[in-house]
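A short write-up of the structure that comes next.
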Amino acid sequence: MASILDQFCGVAEESTYGTAITSGFRGYEATGDAWQKDVNYIESVGFRQNMETIRSDRHDTIAVGATGSIDCDVLNKGHGLLLKHLLGASSGPTQQASTAAYLQTFTTNDTGPGTSYTIQMPRVDTTGTLKDFTYEGCVATGFTIGCAVDEALKMTVDFDAEAEQTSTAASSPTYPTSADPFVFTQGTVEIADSAVSTFTSVELTGDLGMNTERKFLKGSAVKSQPVRSAVPSYTGTIEGEFSIAEYNAFVNGTVQKLEFIFTGETIASTYKYLFHVTMPAVKFTGSTPVASTDDLVRLSLPFTVLHDGSNPAITITYQSTDTAF
């Protein structure tokens, strides 16, 4: 008999959009289940004698895909697969100076995610049986990365799926060994290449501008692969104690570099586990500090990520002992 503790979230990279992978799943320790089948109901109603309500043979159900997200803590190993098709481009893993450290790099570009995943999320029914649920053709549509004091670094990736189905058998996922989450004590914030030690939380959110409604008159309800059809939006907020320098940057509309850097234990030599988000051109969009009689003056700084025309708008570097995504 299975229990709720046997439920899992497995991710595998597809070679063809919408063709489900049946093995080789990477396990991610998702903290929730947000996956839902998308259904359209088409009703046909017209004048008809003795009609009491909509007739059962005039009420059609059309499955048009699914949506969901993976919400998890960022571990110092195994996270590269989830990042690989998030921003648009990826490279690595590249060995660092003949050590056990390997660097992966992920950057935004003009096309966005071009490859899909198969994601499995089996659920246990009332009889204690693990029921297979597979989401094929999963393309990233957005994300949130953030951390606050007393918490681990967290990441949520939102997906659009071509279909939810139960015909693919669940495959036991593999998990990275001896992996640890990045936590707030390992995090720093840098503005214009200078560390600022008064922030208590950071968050970055991306809307990748993907068109997920590519339905056509083609004798099928199966959608075509999402593509970028709008300008992506990358925004966020950093919060902490009031500093006049950051307030002045907001007032003056200063565009500057912003980085979130989480540095773990040493892998070898000078190379450490690393999760590093770099945004070369950021503008703070508010706000005025708020005074209180029972706390230090606080400042919340929403920001917008811009493109400087030469560097990627966002770069994430991830260093671990992983030799493959």
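Ligands are numbered from 1 in the order shown, chains are lettered A, B, ... in the order of the structure tokens, and residues start at 1 in each chain.
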I'd like a table as a Markdown table: residues in range 167-247 of chain A with an atom no more than 8 Å from range 23-29 of chain A, each row giving the shortest atom pair and its distance in Å to one decimal, only C-alpha atoms counted, sorted by chain and rising residue number.
| residue | atom | partner | partner_atom | distance |
| --- | --- | --- | --- | --- |
| A:Ser171 | CA | A:Ser23 | CA | 5.6 |
| A:Ser172 | CA | A:Phe25 | CA | 7.1 |
| A:Pro173 | CA | A:Phe25 | CA | 4.6 |
| A:Thr174 | CA | A:Arg26 | CA | 5.1 |
| A:Tyr175 | CA | A:Gly27 | CA | 5.1 |
Write a file of the selected residues as a CSV table (one decimal), in the first residue's frame, keeping N, CA, C and O atoms.
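Generated file (part_15.csv):
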chain,number,residue,atom,x,y,z
A,171,SER,N,7.8,6.5,-13.4
A,171,SER,CA,9.2,5.9,-13.4
A,171,SER,C,9.9,6.5,-12.1
A,171,SER,O,9.8,7.7,-11.8
A,172,SER,N,10.5,5.6,-11.4
A,172,SER,CA,11.2,6.1,-10.1
A,172,SER,C,12.3,7.1,-10.4
A,172,SER,O,13.2,6.9,-11.2
A,173,PRO,N,12.2,8.3,-9.9
A,173,PRO,CA,13.2,9.4,-10.2
A,173,PRO,C,14.4,9.2,-9.4
A,173,PRO,O,14.5,8.5,-8.4
A,174,THR,N,15.5,9.8,-9.8
A,174,THR,CA,16.8,9.8,-9.1
A,174,THR,C,17.0,11.1,-8.5
A,174,THR,O,16.6,12.2,-9.0
A,175,TYR,N,17.6,11.1,-7.3
A,175,TYR,CA,17.8,12.4,-6.6
A,175,TYR,C,19.3,12.6,-6.4
A,175,TYR,O,20.1,11.6,-6.3
DSSP on the backbone: which residues in range 14-204 of chain A end up as alpha helix (DSSP H)? Give the answer as a list in words.
Gly80, Leu81, Leu82, Leu83 and Lys84 of chain A
Which residues are near Gly112 in chain A? Cut-off 7 Å, only C-alpha atoms, ignore same chain within fewer than 5 positions. Put them as a list of chain:residue names.
A:Leu87, A:Gly88, A:Leu208, A:Arg228
Written file, previous selection with C-alpha atoms, as a compact mmCIF listing (two decimals), in the first residue's frame:
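The result, stored in selection_19.txt:
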# COMPACT_ATOMS: atom_id res chain seq x y z
CA LEU A 87 15.57 31.67 -19.44
CA GLY A 88 16.34 30.76 -23.06
CA LEU A 208 8.49 34.92 -20.16
CA ARG A 228 7.22 33.92 -27.32
Mind listing the strand (DSSP E) residues of range 85-261 of chain A, per DSSP on the backbone, as a ChimeraX atom specification?
/A:88-95,102-108,117-120,123-124,130-131,134-148,154-161,163-165,187-191,194-196,199-207,210-211,227-228,233-241,255-261
Which residues are near Tyr271 in chain A? Cut-off 8 Å, only C-alpha atoms, ignore same chain within fewer than 5 positions. Put them as an NGL selection string.
:A and (96 or 101 or 266)
Residues of the last selection are to be written out with C-alpha atoms, as an mmCIF file, in the first residue's frame.
data_model
loop_
_atom_site.group_PDB
_atom_site.id
_atom_site.type_symbol
_atom_site.label_atom_id
_atom_site.label_comp_id
_atom_site.auth_asym_id
_atom_site.auth_seq_id
_atom_site.Cartn_x
_atom_site.Cartn_y
_atom_site.Cartn_z
ATOM 1 C CA GLN A 96 36.837 24.364 -13.261
ATOM 2 C CA ALA A 101 33.638 21.856 -9.524
ATOM 3 C CA THR A 266 34.002 24.599 -0.725
#
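With only C-alpha atoms taken into account, the protein and nucleic acid residues at most 12 Å from Ile316 in chain A (excluding it and anything under 5 positions from it in its own chain) are A:His79, A:Gly80, A:Leu83, A:Lys84, A:Leu86, A:Leu87, A:Gly88, A:Ala89, A:Ser90, A:Ser91, A:Leu103, A:Gln104, A:Thr105, A:Phe106, A:Thr107, A:Thr108, A:Ile145, A:Leu204, A:Glu259, A:Phe260, A:Ile261, A:Phe262, A:Leu274, A:Phe275, A:His276, A:Val277, A:Thr278, A:Met279, A:Pro280.
Proximity ranking of A:Glu43, A:Asp71, A:Asp193, A:Glu14 relative to Tyr117 in chain A places A:Glu14 first, based on only C-alpha atoms.
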